[in-house]
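Enquirer: This is the structure I want to talk about, given as structure tokens.
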Amino acid sequence: MEEKQFINQLLNINISEDKSVSTLAIALRGARELSNRNIETGELDKKYDVVILDKQIENKTFLSNKFLAITNYLIIIDLIGNMFYHKNGNENSNDAFKNALSNFTELDNKIINSLKNLRNSLAHQFSLGNDTEIFILDYSSTSDKIIETAEETYHIEKRNQEKNNKNFTTAYYWNICDLVETIFSKLLELNNQNELSILSKYKDGTSIKKYHLNSIFFVK
């Protein structure tokens, strides 16, 4: 029962001034606000608040907010993978990002690796490129893809030549945000079915190392 209680607390996105809150809740609420979603449900609001939009245009912060939103969502993948795994799956304690996506999605390794490169680019350099791959963020909503990999990856060893259209991996902004919302919904579903587990590194047998878990994933 102790593990179930901790999982419930980790997944609870409600914030109360007199109780500890999980960093997952903080990250998810922030990502939702930045991506124009309902804070409580994650549902996309297709109508922008005109006052907020005008201020972003005036301050030239519209694009940076988009970068921050998708960065938050990609970090949430890491956060989930550093907490949970599917009881019927395999936990990967060496790579939190891949642990989350292999346990809670059907994505193949090629897409997972590109998403991880995008996360590294944004989180480490606030950039759309690193030594392995460069990206274009596509804000359209017409594609059902999450990532469309480059025809010719622009690895650092090839950068004595100018990049061209074949070198860009396309990352679909809205679909990536939706992916993380879908993963979170999956966690809630699995938890209701008692199929969600906390990683073994936070356990001593069947007991939760609560002080370890609290020190990393909860704030007040």
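Just remember, in the structure tokens the first chain shown is A, the second B, etc., residues are 1-based per chain, and ligands are 1-based in the order shown.
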Would you please extract all helix (DSSP H, G or I) residues from segment 87-170 of chain A, as assigned by DSSP on the backbone, and give them as number ranges by chain?
Expert: A: 96-104, 109-125, 156-158, 165-167
Enquirer: Determine, for each residue of segment 49-94 of chain A having at least one atom at most 8 Å from an atom of segment 17-35 of chain A, the closest pair of atoms and their separation in Å to one decimal, counting only C-alpha atoms; order by chain and ascending number, as a Markdown table.
Expert:
| residue | atom | partner | partner_atom | distance |
| --- | --- | --- | --- | --- |
| A:Asn65 | CA | A:Leu34 | CA | 6.0 |
| A:Lys66 | CA | A:Ser35 | CA | 6.7 |
| A:Leu68 | CA | A:Leu34 | CA | 7.2 |
| A:Ala69 | CA | A:Ala31 | CA | 4.9 |
| A:Ile70 | CA | A:Ala31 | CA | 7.3 |
| A:Asn72 | CA | A:Ala31 | CA | 5.5 |
| A:Tyr73 | CA | A:Ala31 | CA | 6.1 |
| A:Ile76 | CA | A:Ala27 | CA | 6.7 |
| A:Leu79 | CA | A:Leu24 | CA | 6.9 |
| A:Ile80 | CA | A:Leu24 | CA | 7.7 |
Enquirer: Ile198 of chain A: which residues within 8 Å, counting only C-alpha atoms, same-chain residues fewer than 6 positions away excluded, as number ranges by chain?
Expert: A: 3, 7, 83-85
Enquirer: A:Ala150, A:Ile75, A:Ile13, A:Phe62: which is nearest Asn164 of chain A, counting only C-alpha atoms?
Expert: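 Among the listed residues, the smallest separation from Asn164 of chain A belongs to A:Ala150.
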Enquirer: Pick out the residues sitting within 10 Å of segment 133-143 of chain A, and hand them over as a PyMOL selection string; count only C-alpha atoms, and ignore anything fewer than 3 positions along from it in its own chain.
Expert: chain A and resi 66-67+70+114+117-118+121+127-130+146-150+152-156+163+167-175
Enquirer: Could you give me, as a PyMOL selection string, the residues within 9 Å of Asp95 of chain A, counting only C-alpha atoms and dropping anything in the same chain fewer than 5 positions from it?
Expert: chain A and resi 78+81-82+100
Enquirer: Enumerate the residues of segment 7-214 of chain A with a DSSP assignment of strand (DSSP E or B), computed from the backbone, and present them as a list in words.
Expert: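 Reading the DSSP output for segment 7-214 of chain A, strand (DSSP E or B) covers Val21, Ser22, Arg37, Leu44, Phe84, Tyr85, His86, Gly129, Ile134, Phe135, Ile136, Leu137, Asp138, Ile147, Glu148, Phe168, Thr169, Thr170, Ala171, Tyr172, Leu196, Ser197, Ile198, Lys203, Asp204, Ser207 and Ile208 of chain A.
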Enquirer: Which residue, A:Ser215, A:Asn192, A:Ser197, A:Thr206, has the smallest gap to Asn90 of chain A when you use only C-alpha atoms?
Expert: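 Nearest candidate to Asn90 of chain A out of A:Ser215, A:Asn192, A:Ser197, A:Thr206: A:Ser197.
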Enquirer: Have a look at atom CA of Lys145 of chain A and atom CA of Thr41 of chain A and let me know their distance in Å, one decimal.
Expert: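 Atom-to-atom, atom CA of Lys145 of chain A to atom CA of Thr41 of chain A, that is 23.2 Å.
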Enquirer: Counting only C-alpha atoms, which of A:Asp54, A:Glu91, A:Glu43, A:Asp49 gets nearest to Ser185 of chain A?
Expert: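 Using only C-alpha atoms, Ser185 of chain A sits closest to A:Glu43.
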Enquirer: Measuring between only C-alpha atoms, which one of A:Val219, A:Ile111, A:Leu199, A:Ile208 shows the shortest distance to Asn94 of chain A?
Expert: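 Looking at the shortest contact to Asn94 of chain A, the residue is A:Leu199.
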Enquirer: Please determine, counting only C-alpha atoms, which residue among A:Asn191, A:Asn59, A:Thr132, A:Asn109 has the shortest atom-to-atom distance to His86 of chain A.
Expert: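 Smallest distance to His86 of chain A is found for A:Asn191.
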